[in-house]
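Heads up, upload.txt below (compact mmCIF, C-alpha atoms and all ligand atoms):
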```txt
# COMPACT_ATOMS: atom_id res chain seq x y z
CA MET A 27 -87.66 -17.15 -56.31
CA THR A 28 -85.20 -14.33 -57.05
CA SER A 29 -85.73 -11.28 -59.11
CA GLY A 30 -83.23 -8.92 -60.63
CA PRO A 31 -79.46 -9.36 -60.85
CA ALA A 32 -77.80 -11.94 -58.59
CA ILE A 33 -74.54 -10.01 -58.62
CA ARG A 34 -74.76 -6.48 -57.24
CA PRO A 35 -71.46 -4.54 -57.18
CA ARG A 36 -73.37 -1.56 -55.78
CA ARG A 37 -73.42 -3.30 -52.36
CA LEU A 38 -69.87 -2.08 -51.85
CA ARG A 39 -70.97 1.49 -52.53
CA THR A 40 -73.94 1.66 -50.17
CA ASN A 41 -72.50 4.14 -47.68
CA ALA A 42 -69.42 6.20 -46.96
CA ALA A 43 -67.93 3.68 -44.54
CA MET A 44 -68.19 0.86 -47.08
CA ARG A 45 -66.76 3.05 -49.82
CA ARG A 46 -63.86 4.08 -47.62
CA LEU A 47 -63.08 0.48 -46.71
CA THR A 48 -63.15 -0.69 -50.31
CA ALA A 49 -61.22 2.25 -51.80
CA GLU A 50 -58.32 0.93 -53.88
CA SER A 51 -56.19 4.05 -54.26
CA HIS A 52 -55.01 6.65 -51.80
CA VAL A 53 -52.50 9.43 -52.00
CA SER A 54 -50.81 10.58 -48.84
CA ALA A 55 -49.00 13.85 -48.33
CA SER A 56 -45.66 12.05 -48.21
CA GLN A 57 -46.16 10.99 -51.84
CA LEU A 58 -46.46 14.56 -53.09
CA VAL A 59 -43.71 16.88 -54.31
CA LEU A 60 -44.21 20.65 -54.57
CA PRO A 61 -42.64 22.35 -57.61
CA ALA A 62 -41.54 25.91 -56.73
CA PHE A 63 -40.08 28.84 -58.66
CA VAL A 64 -37.49 31.26 -57.33
CA ARG A 65 -36.64 34.39 -59.29
CA GLU A 66 -33.33 36.18 -58.99
CA GLY A 67 -33.76 39.71 -57.69
CA ASN A 68 -37.24 39.13 -56.25
CA LEU A 69 -37.55 40.69 -52.81
CA ALA A 70 -41.10 39.43 -52.36
CA PRO A 71 -43.26 36.79 -54.04
CA THR A 72 -44.92 37.87 -57.30
CA PRO A 73 -47.90 36.10 -58.91
CA ILE A 74 -47.63 34.03 -62.09
CA LEU A 75 -50.67 35.03 -64.14
CA SER A 76 -51.05 31.75 -66.03
CA MET A 77 -50.91 29.75 -62.78
CA PRO A 78 -53.27 31.37 -60.29
CA GLY A 79 -52.09 30.64 -56.77
CA VAL A 80 -48.48 29.95 -57.83
CA VAL A 81 -45.77 32.60 -57.39
CA HIS A 82 -42.24 33.55 -58.27
CA HIS A 83 -40.58 33.34 -54.88
CA SER A 84 -37.87 35.42 -53.33
CA ILE A 85 -35.29 33.37 -51.43
CA ASP A 86 -37.02 34.27 -48.16
CA SER A 87 -40.52 33.41 -49.30
CA LEU A 88 -39.19 30.17 -50.81
CA LYS A 89 -37.71 29.19 -47.47
CA ARG A 90 -41.06 29.86 -45.80
CA ALA A 91 -42.90 27.86 -48.48
CA ALA A 92 -40.51 24.94 -48.02
CA ALA A 93 -40.96 25.03 -44.26
CA GLY A 94 -44.73 25.13 -44.76
CA ALA A 95 -44.62 22.16 -47.12
CA ALA A 96 -42.58 20.17 -44.60
CA GLU A 97 -45.02 21.14 -41.86
CA ALA A 98 -47.92 19.90 -44.01
CA GLY A 99 -46.19 16.53 -44.43
CA VAL A 100 -45.38 16.94 -48.13
CA GLY A 101 -42.60 14.58 -49.29
CA GLY A 102 -40.38 16.87 -51.30
CA ILE A 103 -39.84 20.14 -53.12
CA MET A 104 -38.62 20.61 -56.72
CA LEU A 105 -36.82 23.89 -57.30
CA PHE A 106 -36.71 25.92 -60.51
CA GLY A 107 -34.60 29.07 -60.81
CA ILE A 108 -35.17 32.08 -63.03
CA PRO A 109 -31.87 33.94 -63.49
CA GLU A 110 -31.48 37.65 -64.20
CA THR A 111 -29.11 37.07 -67.11
CA ARG A 112 -28.89 34.29 -69.68
CA ASP A 113 -26.29 33.28 -72.22
CA ALA A 114 -25.68 30.67 -74.92
CA ILE A 115 -24.37 27.97 -72.58
CA GLY A 116 -26.49 28.76 -69.53
CA SER A 117 -23.51 29.76 -67.37
CA ALA A 118 -25.62 30.63 -64.33
CA ALA A 119 -26.79 27.02 -64.08
CA SER A 120 -23.41 25.75 -62.93
CA ASP A 121 -22.31 28.91 -61.11
CA PRO A 122 -22.31 28.26 -57.34
CA ASN A 123 -23.68 31.81 -57.00
CA GLY A 124 -26.41 31.18 -59.57
CA ILE A 125 -29.95 31.65 -58.29
CA LEU A 126 -30.92 27.98 -58.30
CA ASN A 127 -27.82 26.89 -56.42
CA VAL A 128 -28.08 29.67 -53.86
CA ALA A 129 -31.78 28.89 -53.32
CA THR A 130 -31.03 25.18 -52.96
CA THR A 131 -28.59 25.81 -50.12
CA ALA A 132 -31.07 28.14 -48.43
CA VAL A 133 -33.89 25.58 -48.64
CA ALA A 134 -31.69 22.62 -47.64
CA GLU A 135 -30.52 24.52 -44.55
CA GLU A 136 -34.08 25.55 -43.73
CA VAL A 137 -35.71 22.11 -43.92
CA GLY A 138 -32.87 19.71 -43.05
CA ASP A 139 -34.14 16.17 -43.49
CA ALA A 140 -37.82 17.12 -43.35
CA LEU A 141 -38.17 17.36 -47.15
CA VAL A 142 -36.34 15.79 -50.08
CA VAL A 143 -34.81 18.85 -51.75
CA GLN A 144 -34.81 18.44 -55.53
CA THR A 145 -33.45 20.64 -58.31
CA ASP A 146 -34.37 20.90 -61.97
CA LEU A 147 -31.30 19.88 -63.92
CA CYS A 148 -31.84 21.42 -67.34
CA LEU A 149 -30.47 24.41 -69.20
CA ASP A 150 -33.65 25.95 -70.64
CA GLU A 151 -34.14 28.45 -67.82
CA PHE A 152 -30.53 29.60 -68.20
CA THR A 153 -29.93 29.80 -71.95
CA ASP A 154 -30.70 32.92 -74.00
CA HIS A 155 -32.13 30.74 -76.80
CA GLY A 156 -34.33 28.79 -74.38
CA HIS A 157 -33.29 25.29 -75.43
CA CYS A 158 -32.56 22.56 -72.90
CA GLY A 159 -29.03 22.18 -74.20
CA VAL A 160 -26.21 24.01 -75.95
CA LEU A 161 -26.33 24.55 -79.70
CA ASP A 162 -23.89 23.49 -82.41
CA PRO A 163 -22.76 25.94 -85.12
CA LEU A 164 -25.84 25.05 -87.18
CA GLY A 165 -28.17 25.89 -84.30
CA ARG A 166 -29.08 22.29 -83.45
CA VAL A 167 -29.12 21.04 -79.86
CA ASP A 168 -25.75 19.33 -79.39
CA ASN A 169 -26.38 16.20 -77.31
CA ASP A 170 -22.87 15.35 -76.17
CA ALA A 171 -21.72 18.91 -75.55
CA THR A 172 -24.86 19.34 -73.43
CA LEU A 173 -23.93 16.30 -71.33
CA VAL A 174 -20.78 18.09 -70.22
CA ARG A 175 -22.86 21.08 -69.10
CA TYR A 176 -25.25 18.75 -67.24
CA GLN A 177 -22.28 17.22 -65.43
CA GLU A 178 -21.10 20.66 -64.34
CA MET A 179 -24.62 21.57 -63.27
CA ALA A 180 -24.96 18.33 -61.31
CA ILE A 181 -21.78 18.98 -59.33
CA ALA A 182 -22.94 22.52 -58.52
CA GLN A 183 -26.38 21.34 -57.42
CA ALA A 184 -25.04 18.48 -55.31
CA ALA A 185 -22.48 20.81 -53.72
CA ALA A 186 -25.30 23.27 -52.99
CA GLY A 187 -27.04 20.57 -50.98
CA ALA A 188 -29.64 19.07 -53.33
CA HIS A 189 -30.68 15.57 -52.28
CA MET A 190 -32.09 14.59 -55.66
CA LEU A 191 -31.44 15.94 -59.14
CA GLY A 192 -34.32 16.11 -61.61
CA LEU A 193 -32.88 15.46 -65.07
CA SER A 194 -35.46 17.00 -67.36
CA GLY A 195 -33.46 17.77 -70.51
CA MET A 196 -34.10 14.57 -72.52
CA MET A 197 -30.54 14.25 -73.84
CA ASP A 198 -29.37 10.73 -74.66
CA GLY A 199 -27.04 9.34 -72.00
CA GLN A 200 -27.78 12.08 -69.47
CA VAL A 201 -28.36 9.74 -66.54
CA ALA A 202 -25.10 7.85 -67.04
CA ALA A 203 -23.17 11.08 -67.57
CA VAL A 204 -24.54 12.74 -64.42
CA ARG A 205 -24.09 9.59 -62.31
CA GLU A 206 -20.46 9.35 -63.38
CA ALA A 207 -19.82 13.00 -62.54
CA LEU A 208 -21.53 12.73 -59.14
CA ASP A 209 -19.64 9.57 -58.20
CA GLY A 210 -16.35 11.04 -59.43
CA HIS A 211 -16.81 13.97 -57.05
CA GLY A 212 -17.84 11.89 -54.05
CA PHE A 213 -21.57 12.65 -54.23
CA LEU A 214 -22.46 8.98 -53.91
CA ASP A 215 -25.71 9.64 -52.04
CA THR A 216 -27.11 12.29 -54.38
CA SER A 217 -29.97 10.58 -56.18
CA ILE A 218 -31.23 10.93 -59.73
CA LEU A 219 -34.84 11.46 -60.76
CA ALA A 220 -34.93 10.87 -64.51
CA TYR A 221 -37.66 12.57 -66.48
CA SER A 222 -37.60 9.54 -68.75
CA ALA A 223 -40.81 9.75 -70.73
CA LYS A 224 -41.07 13.47 -71.18
CA TYR A 225 -43.30 14.44 -74.07
CA ALA A 226 -43.16 17.50 -76.35
CA SER A 227 -46.36 18.81 -74.80
CA SER A 228 -48.53 21.88 -75.14
CA PHE A 229 -49.33 21.48 -71.46
CA TYR A 230 -46.03 23.12 -70.47
CA GLY A 231 -47.40 26.45 -71.73
CA PRO A 232 -47.93 28.16 -68.36
CA PHE A 233 -44.55 26.89 -67.11
CA ARG A 234 -42.82 28.59 -70.01
CA GLU A 235 -44.44 31.83 -68.93
CA ALA A 236 -43.42 31.08 -65.36
CA VAL A 237 -39.74 30.70 -66.27
CA GLU A 238 -39.94 33.57 -68.77
CA SER A 239 -38.74 31.18 -71.47
CA GLN A 240 -37.09 32.69 -74.50
CA LEU A 241 -37.67 29.62 -76.65
CA GLU A 242 -38.52 30.09 -80.28
CA GLY A 243 -39.51 26.93 -82.09
CA ASP A 244 -40.07 23.73 -80.13
CA ARG A 245 -38.37 20.84 -78.36
CA ARG A 246 -39.42 18.06 -80.70
CA SER A 247 -35.87 17.00 -81.53
CA TYR A 248 -35.40 15.84 -77.93
CA GLN A 249 -38.78 15.46 -76.21
CA LEU A 250 -41.06 12.56 -77.17
CA ASP A 251 -43.82 12.59 -79.76
CA PRO A 252 -47.22 12.60 -78.01
CA GLY A 253 -48.34 9.57 -80.01
CA ASN A 254 -45.52 7.29 -78.87
CA ALA A 255 -46.03 4.92 -75.93
CA ARG A 256 -43.48 2.22 -76.72
CA GLU A 257 -40.76 4.85 -76.97
CA GLY A 258 -41.67 6.15 -73.52
CA VAL A 259 -41.16 2.70 -72.04
CA ARG A 260 -37.85 2.38 -73.90
CA GLU A 261 -36.60 5.65 -72.46
CA ALA A 262 -37.55 4.57 -68.94
CA LEU A 263 -35.77 1.21 -69.28
CA LEU A 264 -32.66 2.94 -70.64
CA ASP A 265 -32.60 5.39 -67.74
CA ILE A 266 -32.96 2.55 -65.24
CA ALA A 267 -30.04 0.75 -66.91
CA GLU A 268 -27.99 3.97 -66.71
CA GLY A 269 -28.60 4.18 -62.97
CA ALA A 270 -31.72 6.31 -62.45
CA ASP A 271 -33.01 6.00 -58.89
CA VAL A 272 -36.51 7.09 -59.92
CA VAL A 273 -38.08 7.43 -63.38
CA MET A 274 -40.84 9.83 -64.30
CA VAL A 275 -43.59 10.27 -66.85
CA LYS A 276 -44.59 13.81 -67.82
CA PRO A 277 -47.16 15.27 -68.33
CA ALA A 278 -49.39 13.01 -66.25
CA MET A 279 -53.04 13.09 -67.24
CA SER A 280 -52.68 12.84 -71.00
CA TYR A 281 -50.11 10.06 -70.58
CA LEU A 282 -51.72 7.75 -68.01
CA ASP A 283 -51.35 4.79 -70.39
CA VAL A 284 -47.60 5.39 -70.63
CA LEU A 285 -47.44 5.73 -66.86
CA ALA A 286 -49.24 2.38 -66.41
CA LYS A 287 -46.92 0.66 -68.87
CA VAL A 288 -43.78 2.05 -67.24
CA ALA A 289 -45.10 1.16 -63.77
CA GLU A 290 -45.60 -2.42 -64.91
CA VAL A 291 -41.99 -2.96 -65.96
CA SER A 292 -40.00 -0.62 -63.71
CA GLU A 293 -37.77 -1.91 -60.92
CA VAL A 294 -37.44 1.58 -59.48
CA PRO A 295 -40.14 3.97 -58.23
CA VAL A 296 -42.19 5.64 -60.95
CA TRP A 297 -43.33 9.22 -60.47
CA ALA A 298 -45.49 11.49 -62.56
CA TYR A 299 -45.51 15.26 -63.05
CA GLN A 300 -48.89 16.95 -63.10
CA VAL A 301 -47.67 19.88 -65.17
CA SER A 302 -48.52 23.56 -65.35
CA GLY A 303 -51.14 23.19 -68.11
CA GLU A 304 -52.98 20.49 -66.15
CA TYR A 305 -53.02 22.85 -63.19
CA ALA A 306 -54.10 25.86 -65.24
CA MET A 307 -56.95 24.01 -66.97
CA ILE A 308 -58.58 22.97 -63.72
CA GLU A 309 -58.03 26.35 -62.09
CA ALA A 310 -59.49 28.16 -65.11
CA ALA A 311 -62.57 25.94 -65.37
CA ALA A 312 -63.13 26.16 -61.62
CA ALA A 313 -62.79 29.94 -61.69
CA HIS A 314 -65.65 30.01 -64.18
CA GLY A 315 -67.69 27.74 -61.92
CA TRP A 316 -67.70 25.06 -64.62
CA ILE A 317 -66.27 22.30 -62.42
CA ASP A 318 -66.04 21.66 -58.70
CA ARG A 319 -62.46 22.69 -57.97
CA ARG A 320 -61.68 20.44 -55.02
CA ARG A 321 -63.29 17.36 -56.55
CA ALA A 322 -61.50 17.93 -59.86
CA VAL A 323 -58.13 18.37 -58.15
CA GLU A 324 -58.61 15.25 -56.02
CA GLU A 325 -59.84 13.20 -58.97
CA SER A 326 -56.92 14.27 -61.15
CA VAL A 327 -54.32 13.27 -58.57
CA LEU A 328 -56.13 10.05 -57.70
CA SER A 329 -56.22 9.04 -61.38
CA ILE A 330 -52.46 9.54 -61.64
CA ARG A 331 -51.95 7.37 -58.57
CA ARG A 332 -54.36 4.72 -59.87
CA ALA A 333 -52.43 4.53 -63.15
CA GLY A 334 -49.32 3.56 -61.19
CA ALA A 335 -47.48 6.62 -59.90
CA ASP A 336 -45.65 6.06 -56.61
CA ALA A 337 -45.35 9.80 -56.09
CA ILE A 338 -46.67 12.88 -57.87
CA LEU A 339 -45.28 16.34 -58.52
CA SER A 340 -48.21 18.72 -58.19
CA TYR A 341 -48.62 22.47 -57.75
CA TRP A 342 -51.47 21.56 -55.38
CA ALA A 343 -49.20 19.46 -53.14
CA VAL A 344 -49.57 21.59 -50.03
CA GLU A 345 -53.30 22.14 -50.45
CA LEU A 346 -53.81 18.41 -51.04
CA ALA A 347 -51.75 17.60 -47.97
CA GLY A 348 -54.09 19.83 -46.01
CA TRP A 349 -57.11 17.92 -47.29
CA TRP A 350 -55.60 14.45 -47.20
CA GLY A 351 -52.78 14.65 -44.70
CA ALA A 352 -54.58 12.78 -41.96
CA ARG A 353 -55.16 9.67 -44.02
C1 LIG A 401 -37.50 21.83 -68.25
C2 LIG A 401 -38.82 21.64 -67.61
C3 LIG A 401 -40.08 21.97 -68.13
C4 LIG A 401 -41.01 21.63 -67.15
C5 LIG A 401 -40.31 21.10 -66.07
N1 LIG A 401 -38.96 21.08 -66.39
C6 LIG A 401 -40.46 22.69 -69.35
C7 LIG A 401 -40.20 22.20 -70.71
O1 LIG A 401 -39.68 21.11 -70.96
O2 LIG A 401 -40.53 22.98 -71.61
C8 LIG A 401 -42.48 21.82 -67.27
C9 LIG A 401 -43.25 21.75 -65.98
C10 LIG A 401 -44.64 22.24 -66.08
O3 LIG A 401 -45.16 22.54 -67.17
O4 LIG A 401 -45.27 22.32 -65.00
N2 LIG A 401 -36.65 22.62 -67.42
```

Translate this structure into structure tokens?
Amino acid sequence: MTSGPAIRPRRLRTNAAMRRLTAESHVSASQLVLPAFVREGNLAPTPILSMPGVVHHSIDSLKRAAAGAAEAGVGGIMLFGIPETRDAIGSAASDPNGILNVATTAVAEEVGDALVVQTDLCLDEFTDHGHCGVLDPLGRVDNDATLVRYQEMAIAQAAAGAHMLGLSGMMDGQVAAVREALDGHGFLDTSILAYSAKYASSFYGPFREAVESQLEGDRRSYQLDPGNAREGVREALLDIAEGADVVMVKPAMSYLDVLAKVAEVSEVPVWAYQVSGEYAMIEAAAAHGWIDRRRAVEESVLSIRRAGADAILSYWAVELAGWWGAR
């Protein structure tokens, strides 16, 4: 004579040991990438108000942060540069003496093979109008003229010692154009991380403060509409066909369905970017005592992994590595 349910899934949740053994998703430090900002002229790190705990680095403090990330077992670092001067074509982006390229060499020399050194390949931090590309006479972002600038930027970044270039500009044909330029200059081993499904998102708000963006208007003529999932998959498949080594979905948490769909069809690793707004929301709520900070951070990253990300860019990468590194 039995009573109650015959099937009891709760048996696998009875104690911590059972829960640990039956856990389906883990994130290890090696699967995390730390995004970091370096600001031209900074002699010491300065705080970014919209991203508590994140700073504008000087070259020296960036080198120390990179060494610390490597020490913690983090997999990579993604570098963003904030130049002192900007112009219409983002000249500093392809200048070997530009802040991002100088910082890349400094970090690559500091960490050697201990971290995958990645660079943001996009013009928005370098243009005086704040768009990710150059403009045509009517003020529209000129796709094909921008590809030429991306090629020049790619050569400068590869020459500076970047191991992987993060193509975040959402121009059509950018992966093929950059691959061709890299191969033509002998950078056969420099890999391409394609921000394939990058949405026109409000969650980049704190980042735009962080890079002191001068953008007026929006990026909807090149970044994806938040309602479109099929188009995100299409962009990822195109980038794979053009030679992307890794494809990415961005932001992460509001786009977990897109991430899962891309992960299902991709032949190459699929990464996700937990962006500045995702970071700021959790930090702000936690600062008010409205959520448990550590549990919220862990849950957010675990959900991104569960949806199919092979690696995750997160501003919490080093802190997470400290919590999770031993697993
Ligand atoms: C473009 C770029 C952006 C981010 C990464 N690369 C901003 C944008 O497209 O407006 C956002 C990252 C974040 O919000 O954390 N260079």

May I have the residues within 9 Å of ligand LIG 401 (chain A), computed using all atoms listed in the file, as a ChimeraX atom specification?
-> /A:61,106,146-151,156-158,192-196,221,224-234,236-237,239,241,244-245,249,276-277,299-305,339-341

Tell me, counting all atoms listed in the file, for each residue of range 237-282 of chain A within 7 Å of range 316-330 of chain A, which pair of atoms is nearest and how far apart they are in Å to one decimal, in rows ordered by chain and increasing number, as JSON lines.
```
{"residue": "A:Ala278", "atom": "CA", "partner": "A:Ile330", "partner_atom": "CA", "distance": 6.5}
{"residue": "A:Met279", "atom": "CA", "partner": "A:Ile330", "partner_atom": "CA", "distance": 6.7}
{"residue": "A:Leu282", "atom": "CA", "partner": "A:Ile330", "partner_atom": "CA", "distance": 6.7}
```

Distance criterion (all atoms listed in the file): nearest to Tyr248 in chain A out of A:Asp168, A:Met44, A:Ala93, A:His189 =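 Closest to Tyr248 in chain A of all the choices is A:Asp168.
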
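Every protein, DNA or RNA residue with an atom at most 9 Å from Leu69 in chain A, where only C-alpha atoms count and chain neighbours fewer than 3 positions away do not, is listed here: Glu66, His83, Ser84, Ile85, Asp86 and Ser87 of chain A.
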
Å distance separating CA of Ala347 in chain A from CA of Ile74 in chain A, one decimal place |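 For CA of Ala347 in chain A relative to CA of Ile74 in chain A, the distance reads 22.1 Å.
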
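What separates CA of Met190 in chain A from CA of Leu105 in chain A is a distance of 10.6 Å.
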
One-decimal distance in Å that lies between CA of Ala182 in chain A and CA of Ala267 in chain A = 24.4 Å

Axis-aligned box for all listed atoms of range 105-112 of chain A, 6 Å per side, centre and edges in Å to one decimal, as AutoDock Vina command-line options:
```
--center_x -32.9 --center_y 30.8 --center_z -63.5 --size_x 19.9 --size_y 25.8 --size_z 24.4
```

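Of the residues listed (A:Asp121, A:Glu136, A:Ser51, A:Arg39), A:Ser51 shows the shortest atom-to-atom separation from Gly334 in chain A; distances use all atoms listed in the file.
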
Hey, what's within 8 Å of Ala184 in chain A if we count all atoms listed in the file and toss same-chain stuff fewer than 4 positions away? As a ChimeraX atom specification, please?
-> /A:180,188-189,191,208,213,216

Would you list the contacts of Arg260 in chain A as a list in words, taking every protein, DNA or RNA residue within 9 Å and counting all atoms listed in the file, but skipping same-chain residues closer than 5 positions in sequence?
->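 Listing them by chain and then by number gives Ser222, Ala223, Ala255, Asp265 and Val288 of chain A.
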
Can you list, as a VMD selection string, every protein, DNA or RNA residue that comes within 10 Å of Val81 in chain A when you count all atoms listed in the file, leaving out same-chain residues fewer than 2 positions away?
-> chain A and resid 62 to 65 70 to 75 77 to 79 83 to 84 87 to 88 236

Best match for closeness to Trp297 in chain A among A:Phe152, A:Ser280, A:Arg246, A:Leu58, counting only C-alpha atoms | A:Leu58

Test item: residues at most 12 Å from Ala337 in chain A, all atoms listed in the file, excluding those fewer than 4 positions along its chain, as a PyMOL selection string | chain A and resi 52-60+100-102+219+272-275+278+285+289+294-300+327-328+330-333+343

Go ahead and save the picked residues with C-alpha atoms, as a compact mmCIF listing (two decimals), keeping the file's coordinate frame.
```
# COMPACT_ATOMS: atom_id res chain seq x y z
CA HIS A 52 -55.01 6.65 -51.80
CA VAL A 53 -52.50 9.43 -52.00
CA SER A 54 -50.81 10.58 -48.84
CA ALA A 55 -49.00 13.85 -48.33
CA SER A 56 -45.66 12.05 -48.21
CA GLN A 57 -46.16 10.99 -51.84
CA LEU A 58 -46.46 14.56 -53.09
CA VAL A 59 -43.71 16.88 -54.31
CA LEU A 60 -44.21 20.65 -54.57
CA VAL A 100 -45.38 16.94 -48.13
CA GLY A 101 -42.60 14.58 -49.29
CA GLY A 102 -40.38 16.87 -51.30
CA LEU A 219 -34.84 11.46 -60.76
CA VAL A 272 -36.51 7.09 -59.92
CA VAL A 273 -38.08 7.43 -63.38
CA MET A 274 -40.84 9.83 -64.30
CA VAL A 275 -43.59 10.27 -66.85
CA ALA A 278 -49.39 13.01 -66.25
CA LEU A 285 -47.44 5.73 -66.86
CA ALA A 289 -45.10 1.16 -63.77
CA VAL A 294 -37.44 1.58 -59.48
CA PRO A 295 -40.14 3.97 -58.23
CA VAL A 296 -42.19 5.64 -60.95
CA TRP A 297 -43.33 9.22 -60.47
CA ALA A 298 -45.49 11.49 -62.56
CA TYR A 299 -45.51 15.26 -63.05
CA GLN A 300 -48.89 16.95 -63.10
CA VAL A 327 -54.32 13.27 -58.57
CA LEU A 328 -56.13 10.05 -57.70
CA ILE A 330 -52.46 9.54 -61.64
CA ARG A 331 -51.95 7.37 -58.57
CA ARG A 332 -54.36 4.72 -59.87
CA ALA A 333 -52.43 4.53 -63.15
CA ALA A 343 -49.20 19.46 -53.14
```

Reconstruct N, CA and C atoms of range 48-59 of chain A; output as a tab-separated table (two decimals), keeping the file's coordinate frame.
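Once written, rebuild_17.tsv looks like this:
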```tsv
chain	number	residue	atom	x	y	z
A	48	THR	N	-63.44	0.01	-49.06
A	48	THR	CA	-63.15	-0.69	-50.31
A	48	THR	C	-62.38	0.18	-51.32
A	49	ALA	N	-61.97	1.37	-50.89
A	49	ALA	CA	-61.22	2.25	-51.80
A	49	ALA	C	-59.88	1.61	-52.16
A	50	GLU	N	-59.55	1.59	-53.42
A	50	GLU	CA	-58.32	0.93	-53.88
A	50	GLU	C	-57.11	1.85	-53.90
A	51	SER	N	-57.33	3.13	-54.10
A	51	SER	CA	-56.19	4.05	-54.26
A	51	SER	C	-56.27	5.20	-53.27
A	52	HIS	N	-55.13	5.50	-52.70
A	52	HIS	CA	-55.01	6.65	-51.80
A	52	HIS	C	-53.74	7.41	-52.17
A	53	VAL	N	-53.73	8.68	-51.88
A	53	VAL	CA	-52.50	9.43	-52.00
A	53	VAL	C	-52.26	10.09	-50.65
A	54	SER	N	-51.08	9.89	-50.10
A	54	SER	CA	-50.81	10.58	-48.84
A	54	SER	C	-49.85	11.74	-49.10
A	55	ALA	N	-49.82	12.64	-48.17
A	55	ALA	CA	-49.00	13.85	-48.33
A	55	ALA	C	-47.54	13.50	-48.64
A	56	SER	N	-47.06	12.43	-48.03
A	56	SER	CA	-45.66	12.05	-48.21
A	56	SER	C	-45.34	11.65	-49.65
A	57	GLN	N	-46.37	11.38	-50.44
A	57	GLN	CA	-46.16	10.99	-51.84
A	57	GLN	C	-46.27	12.18	-52.79
A	58	LEU	N	-46.32	13.37	-52.25
A	58	LEU	CA	-46.46	14.56	-53.09
A	58	LEU	C	-45.19	15.41	-53.04
A	59	VAL	N	-44.86	15.98	-54.20
A	59	VAL	CA	-43.71	16.88	-54.31
A	59	VAL	C	-44.21	18.22	-54.83
```
